[in-house]
Structure formats: C-alpha cells, structure tokens
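Peer 1: So that we are looking at the same thing, I have put the structure below in structure tokens.
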Amino acid sequence: ISGAGSQVNILGNFGTAIIGSDTGANTVGSAAASLTINDGGLLDVQSRVPGESEVYFGLGLGDATVEISNGGMLTTDGTVFVSAANPDTGNDLQTAVLTIDTTGVAIDANQVVVGERGEIRGSGTIEADVINNGGTITPGFSPGVININGEYIHNSGMLVVEIAGTATGLFDQIIASDGISFLGGEIEFLITEDLGGVIPDLDFFVAPTVEFGDDFLSNPLAFSFSGVGTRGLGVMFTADGEFQVVAVPEPASLFLLCIGLVGLGLRARRRPTTN
C-alpha cells in the first residue's frame, strides 16, 4: 500500500485483517507473507462494534513480515497482535516481524500486543498501549527510539537495548507518555562500542513513572549483557526503585574490598568518641 491517497479499508461487524495465516477474506498469504505500507499509504481496519476490530501479523502458519515506513500508517479501533504462536497448529518455527521506520505515527490503535515469536523493531510512534507478552522489542536502527503515546507493559519476553555510546542518540530509548511497567521477562543490553566497563546513568526508559514489579519470585525480571566490554557489568537497584548499570568487582577485587570494609569497621569500633 504505497503512495499518498493509497489506502485499504476493512469494515465489518468485527473487522479483522490477518497477514501470514490461513487463507480467507481479508487475509494475505497462507504461508510466508509480507505487507508494506509506505509513502503515505494507509491500512484502516474498523469494526461496527466499537473497539472490537483485530489485526493479526502472523498466526503460526507462515512467517509474517510487515513494514510501515516513510509516512505509512495502520489505523484500527481495536487491537494489533504481533505473534507467530498458534496453539491450534503446535508449529513453533514461524516468526512475525513488524518494522516501523517513520518520523510520524506508524500505528494508531487501542493496544498492540507482542506475543511469542513476534517482534517489533525500528523507530517511530505508536498511538496505543504496547504490551509485551513473550515477544521481542528492539527499538531503533543502531540505535533509535520508539515513542508510545500510551503505556508500555513488559509482562514477559525480551527487550533489547542497544548502547553505542553515552551521548543522546547513541543508545536505544522507549518513551511512554502513560508510564512503563516491567513485570517479568528480560532486558538485554547490547553494547556495540567498548565503553571501558563504565556506563553512566542513561535514560533508557522515559515516562512519568517507571515501575518494576515486586513479585520477583513468581515472575522474575532478568538482565543480560552482550557485545563488547560487557565483562563485569551488572544491574543495581536504587532505593527509589530505579536501576543503574554498574561495574561489578571481579572476585579477587571483591574479596579485597570486603577485607577493606572489615578493616574500616574494626578501626571505627576502636576509635574513641567524644561528646
């Protein structure tokens, strides 16, 4: 769907569009399928029952590759699902990838749900709540920003944050107008430039509130590091509930640090006090 004025409109009692699944009305492909919306093109999916329309990118019967770029846009009054998981088929080989690459709004919906073997990558604006339920979200193109005019909820799955430097524009960001919640899953920091083992307090996540779930025993949030210069890096939570990427001492250094702290403690105990 390409070019200003080019558009596809789907309207039904429960308006539905499926890309990369079984054949049928309003469906693109029975195996691997692709859809490109660019240069001002528009895909509009609406329901006569307000809020009930559904757009599926992948349903486990074939790979789905969708690109929204250069002023292209998807609008719907319901939910966009990005997932290749299909419990009816048991097939776990397919993927569903949505790439956004536009300076404006790429998706205008009630919510966007990323499920198993689904991925959103790129830079642009999503006018909807975004929920990660087992998929992968990768902001930017080495690196970049995903703007969410809504809430970002990370229940499970992976969020990949690329760091190519410490200046603004050199690391990935998620900016969410209504808050960010991490309730489980994993955050991977992909470091592409050697930062000397030191990462300052960078604004990876920008929102009025950034919350981390307190039920880590039943649904833990994991952190991982890949790329260059990642040895000895870890995550430290601060008293106000935020986190920082820090250098973790090597075992030998940690042992010496502990010995030093014990020595300071003994010295403090022997020091006389005056009133």
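A note on labels: chains of the structure tokens are A, B, ... as shown, every chain counts residues from 1, and ligands are counted from 1 in their shown order.
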Looking only at the backbone, which of the residues in region 40-169 of chain A does DSSP tag as strand (DSSP E or B), as an MDAnalysis selection string?
Peer 2: chainID A and resid 42:47 54:57 64:69 73:76 79:82 96:114 118:140 145:148 152:163
Peer 1: Measuring between only C-alpha atoms, which one of A:Ile180, A:Asp194, A:Phe223, A:Thr168 shows the shortest distance to Val235 (chain A)?
Peer 2: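 Smallest separation from Val235 (chain A) among the options: A:Phe223.
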Peer 1: Near Ser34 (chain A), within 9 Å and counting only C-alpha atoms, which residues show up once chain neighbours fewer than 6 positions away are dropped, as an MDAnalysis selection string?
Peer 2: chainID A and resid 19:20 28 63:67
Peer 1: Report as a count of residues only all protein, DNA and RNA residues lying within 6 Å of region 142-158 of chain A, evaluated on only C-alpha atoms, omitting residues in the same chain fewer than 6 positions from it.
Peer 2: 31
Peer 1: Got a sec: who's within 8 Å of region 39-52 of chain A, counting only C-alpha atoms, leaving out chain neighbours fewer than 6 positions off, as a PyMOL selection string?
Peer 2: chain A and resi 1-17+69-79+110
Peer 1: Near region 225-231 of chain A, counting only C-alpha atoms, which residues have an atom at most 6 Å away, once you skip same-chain residues fewer than 5 positions from it, shown as a list in words?
Peer 2: Glu188, Phe189, Leu190, Ile191, Thr192, Asp194 and Gly197 of chain A
Peer 1: Just how far from CA of Glu211 (chain A) is CA of Asp108 (chain A), in Å to one decimal?
Peer 2: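 Separating CA of Asp108 (chain A) from CA of Glu211 (chain A) is a distance of 24.8 Å.
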Peer 1: I need the residue nearest Gly122 (chain A) from this list: A:Ala84, A:Ala96, A:Ile68, A:Ala32. Use only C-alpha atoms for the distance.
Peer 2: A:Ile68
Peer 1: Between A:Thr166, A:Thr95, A:Gln111, A:Ser83, which has the minimum distance to Tyr56 (chain A) (counting only C-alpha atoms)?
Peer 2: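 Ranking A:Thr166, A:Thr95, A:Gln111, A:Ser83 by distance to Tyr56 (chain A), first place goes to A:Ser83.
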